[in-house]
>>> print(open('work-v8.cif').read())   # mmCIF, C-alpha atoms
data_structure
#
loop_
_atom_site.label_atom_id
_atom_site.label_comp_id
_atom_site.auth_asym_id
_atom_site.auth_seq_id
_atom_site.Cartn_x
_atom_site.Cartn_y
_atom_site.Cartn_z
CA MET A 147 0.00 0.00 0.00
CA LEU A 148 2.82 2.37 0.88
CA LYS A 149 4.49 1.70 -2.47
CA THR A 150 1.28 2.65 -4.30
CA LEU A 151 0.91 5.87 -2.32
CA ARG A 152 4.54 6.85 -3.08
CA GLN A 153 3.97 6.25 -6.76
CA ILE A 154 0.82 8.41 -6.70
CA ALA A 155 2.74 11.17 -4.89
CA SER A 156 5.62 11.09 -7.35
CA ILE A 157 3.48 11.08 -10.50
CA GLY A 158 0.74 13.41 -9.34
CA ILE A 159 -2.80 13.62 -10.67
CA VAL A 160 -3.11 12.67 -14.31
CA THR A 161 -6.31 13.52 -16.15
CA GLU A 162 -7.38 14.07 -19.70
CA ALA A 163 -7.35 17.57 -21.11
CA PRO A 164 -10.79 19.20 -21.14
CA PRO A 165 -12.59 19.10 -24.49
CA ALA A 166 -12.30 22.13 -26.73
CA ALA A 167 -15.21 24.55 -26.75
CA ASP A 168 -17.75 23.72 -29.44
CA ASP A 169 -19.31 26.82 -30.99
CA SER A 170 -22.18 24.75 -32.39
CA LEU A 171 -23.46 24.26 -28.85
CA ARG A 172 -24.13 28.00 -28.64
CA VAL A 173 -27.39 27.29 -30.44
CA ARG A 174 -28.76 26.54 -26.95
CA ALA A 175 -28.62 30.21 -25.94
CA ALA A 176 -30.19 31.31 -29.21
CA LEU A 177 -32.96 28.74 -28.84
CA GLN A 178 -33.77 29.81 -25.30
CA GLU A 179 -33.88 33.47 -26.34
CA LYS A 180 -36.16 32.75 -29.33
CA ILE A 181 -38.53 30.65 -27.24
CA ARG A 182 -38.88 33.34 -24.58
CA THR A 183 -39.28 36.07 -27.22
CA VAL A 184 -41.84 34.26 -29.37
CA LEU A 185 -43.86 32.38 -26.77
CA GLY A 186 -43.07 34.27 -23.57
CA ARG A 187 -43.03 30.91 -21.79
CA ALA A 188 -41.80 27.34 -22.17
CA LEU A 189 -42.12 25.47 -25.46
CA CYS A 190 -44.19 22.28 -25.19
CA ILE A 191 -43.44 19.53 -27.69
CA ARG A 192 -45.54 16.47 -28.49
CA HIS A 193 -43.47 13.74 -30.10
CA VAL A 194 -45.26 11.40 -32.52
CA ASP A 195 -43.60 8.23 -33.80
CA ALA A 196 -45.38 7.62 -37.09
CA GLY A 197 -43.50 4.43 -37.90
CA SER A 198 -39.78 5.03 -37.35
CA CYS A 199 -36.97 2.58 -36.57
CA ASN A 200 -36.35 4.44 -33.26
CA GLY A 201 -32.99 5.88 -34.38
CA CYS A 202 -34.42 9.40 -34.24
CA GLU A 203 -35.97 8.69 -30.85
CA LEU A 204 -32.53 7.87 -29.42
CA GLU A 205 -31.30 11.28 -30.56
CA ILE A 206 -34.39 12.96 -29.11
CA HIS A 207 -33.68 11.26 -25.77
CA ALA A 208 -30.10 12.56 -25.99
CA LEU A 209 -31.55 16.09 -25.94
CA ASN A 210 -32.54 15.51 -22.32
CA ASN A 211 -29.07 14.46 -21.15
CA PRO A 212 -26.78 16.85 -19.22
CA ILE A 213 -24.92 17.93 -22.36
CA TYR A 214 -27.94 19.39 -24.18
CA ASN A 215 -30.29 19.80 -21.17
CA LEU A 216 -33.40 20.63 -23.17
CA GLU A 217 -35.57 21.09 -20.07
CA GLY A 218 -33.10 23.70 -18.83
CA LEU A 219 -33.88 25.72 -21.96
CA GLY A 220 -37.58 25.76 -21.17
CA VAL A 221 -38.49 23.05 -23.69
CA ARG A 222 -40.70 20.25 -22.39
CA PHE A 223 -42.21 17.13 -23.88
CA VAL A 224 -45.90 16.74 -23.10
CA ALA A 225 -48.17 13.72 -23.27
CA SER A 226 -51.21 15.48 -24.70
CA PRO A 227 -51.36 17.28 -28.03
CA ARG A 228 -53.78 19.74 -26.41
CA HIS A 229 -50.86 21.13 -24.41
CA ALA A 230 -48.38 21.19 -27.31
CA ASP A 231 -47.00 24.12 -29.27
CA LEU A 232 -44.95 21.97 -31.63
CA LEU A 233 -45.31 18.46 -33.07
CA LEU A 234 -42.07 16.54 -33.57
CA VAL A 235 -42.86 13.71 -35.99
CA THR A 236 -40.44 10.87 -36.77
CA GLY A 237 -40.55 8.11 -39.33
CA PRO A 238 -42.46 7.57 -42.54
CA VAL A 239 -46.18 7.69 -41.85
CA SER A 240 -47.44 4.12 -41.89
CA ARG A 241 -51.00 3.53 -43.06
CA HIS A 242 -51.91 2.40 -39.54
CA MET A 243 -50.58 5.65 -38.01
CA GLU A 244 -52.15 8.04 -40.52
CA ALA A 245 -55.44 8.44 -38.63
CA ALA A 246 -53.63 8.82 -35.30
CA LEU A 247 -51.32 11.51 -36.72
CA LEU A 248 -54.29 13.40 -38.18
CA SER A 249 -56.12 13.30 -34.85
CA VAL A 250 -53.02 14.51 -32.96
CA TYR A 251 -52.62 17.34 -35.49
CA ALA A 252 -56.30 18.29 -35.13
CA ALA A 253 -56.05 18.30 -31.32
CA THR A 254 -53.01 20.59 -31.28
CA PRO A 255 -54.03 24.22 -30.69
CA ASP A 256 -53.24 26.93 -33.22
CA PRO A 257 -50.71 28.11 -34.22
CA LYS A 258 -49.43 24.62 -34.95
CA LEU A 259 -45.77 24.04 -35.67
CA VAL A 260 -44.67 20.73 -37.19
CA VAL A 261 -41.09 19.48 -37.45
CA ALA A 262 -40.47 16.38 -39.57
CA LEU A 263 -37.44 14.57 -38.21
CA GLY A 264 -35.02 12.25 -39.99
CA ASP A 265 -34.75 11.14 -43.59
CA CYS A 266 -37.86 9.00 -43.23
CA GLY A 267 -39.95 11.89 -41.90
CA CYS A 268 -38.64 14.27 -44.57
CA THR A 269 -38.63 12.09 -47.68
CA GLY A 270 -40.01 8.70 -46.73
CA GLY A 271 -36.46 7.33 -46.53
CA VAL A 272 -35.87 3.78 -47.70
CA PHE A 273 -39.57 3.03 -47.23
CA GLY A 274 -40.92 5.63 -49.64
CA GLU A 275 -44.59 5.41 -50.55
CA ASN A 276 -46.14 1.98 -50.90
CA TYR A 277 -49.05 -0.15 -49.76
CA ALA A 278 -47.97 0.11 -46.10
CA SER A 279 -46.52 3.63 -45.99
CA ARG A 280 -47.83 7.08 -46.89
CA GLY A 281 -44.23 8.29 -47.13
CA PRO A 282 -43.05 11.61 -45.69
CA VAL A 283 -44.94 13.46 -42.99
CA ALA A 284 -45.73 16.27 -45.48
CA ASN A 285 -47.98 13.83 -47.39
CA VAL A 286 -50.32 13.70 -44.38
CA ILE A 287 -50.00 17.01 -42.48
CA PRO A 288 -48.35 20.37 -43.31
CA VAL A 289 -44.69 20.51 -42.28
CA ASP A 290 -42.97 23.73 -41.20
CA VAL A 291 -39.39 22.48 -40.80
CA ALA A 292 -37.67 19.35 -42.12
CA VAL A 293 -34.57 18.07 -40.29
CA PRO A 294 -32.82 15.50 -42.50
CA GLY A 295 -30.37 12.88 -41.28
CA CYS A 296 -30.42 9.21 -40.45
CA PRO A 297 -30.68 9.97 -37.58
CA PRO A 298 -30.04 13.70 -37.22
CA ALA A 299 -27.65 14.72 -34.47
CA PRO A 300 -29.16 16.34 -31.37
CA ILE A 301 -27.67 19.71 -32.33
CA ARG A 302 -29.46 19.49 -35.71
CA ILE A 303 -32.73 18.74 -33.90
CA LEU A 304 -32.17 21.82 -31.74
CA GLU A 305 -31.53 23.88 -34.88
CA GLY A 306 -34.77 22.55 -36.38
CA ILE A 307 -36.73 23.54 -33.29
CA LEU A 308 -35.06 26.97 -33.41
CA ALA A 309 -36.03 27.34 -37.08
CA ALA A 310 -39.63 26.40 -36.26
CA VAL A 311 -40.07 28.92 -33.45
CA SER A 312 -38.17 31.69 -35.23
CA PRO A 313 -40.43 34.68 -35.99
CA ALA A 314 -38.69 35.05 -39.37
CA ALA A 315 -39.96 31.59 -40.24
CA GLY A 316 -43.55 32.81 -40.11
CA THR A 317 -46.46 30.88 -38.70
CA ALA A 318 -47.55 27.34 -39.31
CA ALA A 319 -50.27 28.72 -41.56
CA ALA A 320 -47.62 29.50 -44.16
CA HIS A 321 -46.66 25.80 -44.24
CA ALA A 322 -43.36 26.52 -45.94
CA ARG A 323 -40.91 23.65 -45.79
CA ARG A 324 -37.59 24.81 -44.40
CA GLU A 325 -34.42 23.01 -43.38
CA PRO A 326 -32.19 24.21 -40.56
CA GLN A 327 -28.86 25.72 -41.57
CA ALA A 328 -25.82 23.43 -41.43
#
>>> encode(input="work-v8.cif", output="structure tokens")
Amino acid sequence: MLKTLRQIASIGIVTEAPPAADDSLRVRAALQEKIRTVLGRALCIRHVDAGSCNGCELEIHALNNPIYNLEGLGVRFVASPRHADLLLVTGPVSRHMEAALLSVYAATPDPKLVVALGDCGCTGGVFGENYASRGPVANVIPVDVAVPGCPPAPIRILEGILAAVSPAAGTAAAHARREPQA
């Protein structure tokens, strides 16, 4: 034991260097400012899985970890579309989920914001349109922002949410399809 303590004393504390600052993470401050400016309160998101492989869901869950800390920004996921400001839809819309997605969209109060997430939500992905799939989310409900990627990184999802709540983006009534900046 004494030998180990001497070795520790002679070498000292050895740790890894801290990671370099990542400027892309500054989108957090911009998002929080936009949310407070536009809504004056927290942003409530209802996530709808319309038939995804769950890759996008893993990235959405990463938004709640200590690195991204989405709740700290005033963004919350809600269970009811009646409490939502924004719908976050993943996956190609399967025929079985079409009616459910339409009812969630109808239950969401105006102004409705819709973000299609992942390649499947934006374009239908490898599934496309067929007997079992309606394809991209925009084929079923109006989409305000499309966030491509398979799956998109959490920072891209944050940028998509920022693009959706941005006053320059207009309201959901415009239904213009936009992609967040790279």
>>> residues_around(input="work-v8.cif", residues="Gly220 of chain A", least_positions_apart="5", cutoff="7 Å", atoms="all atoms listed in the file", output="NGL selection string")
:A and (178 or 188-189)
>>> resolve_selection(input="work-v8.cif", expression="the PyMOL selection byres ((chain A and resi 260-268) around 6)", output="PyMOL selection string")
chain A and resi 232-238+259+269-271+282-283+289-298
>>> atom_distance(input="work-v8.cif", atom1="atom CA of Ile287 of chain A", atom2="atom CA of Cys190 of chain A")
19.0 Å
>>> atom_distance(input="work-v8.cif", atom1="atom CA of Leu216 of chain A", atom2="atom CA of Ala310 of chain A")
15.6 Å
>>> atom_distance(input="work-v8.cif", atom1="atom CA of Cys202 of chain A", atom2="atom CA of Ala252 of chain A")
23.6 Å
>>> closest_residue(input="work-v8.cif", among="A:Val221, A:Ala230, A:Ile206, A:Ile301", to="Ala253 of chain A", atoms="all atoms listed in the file")
A:Ala230
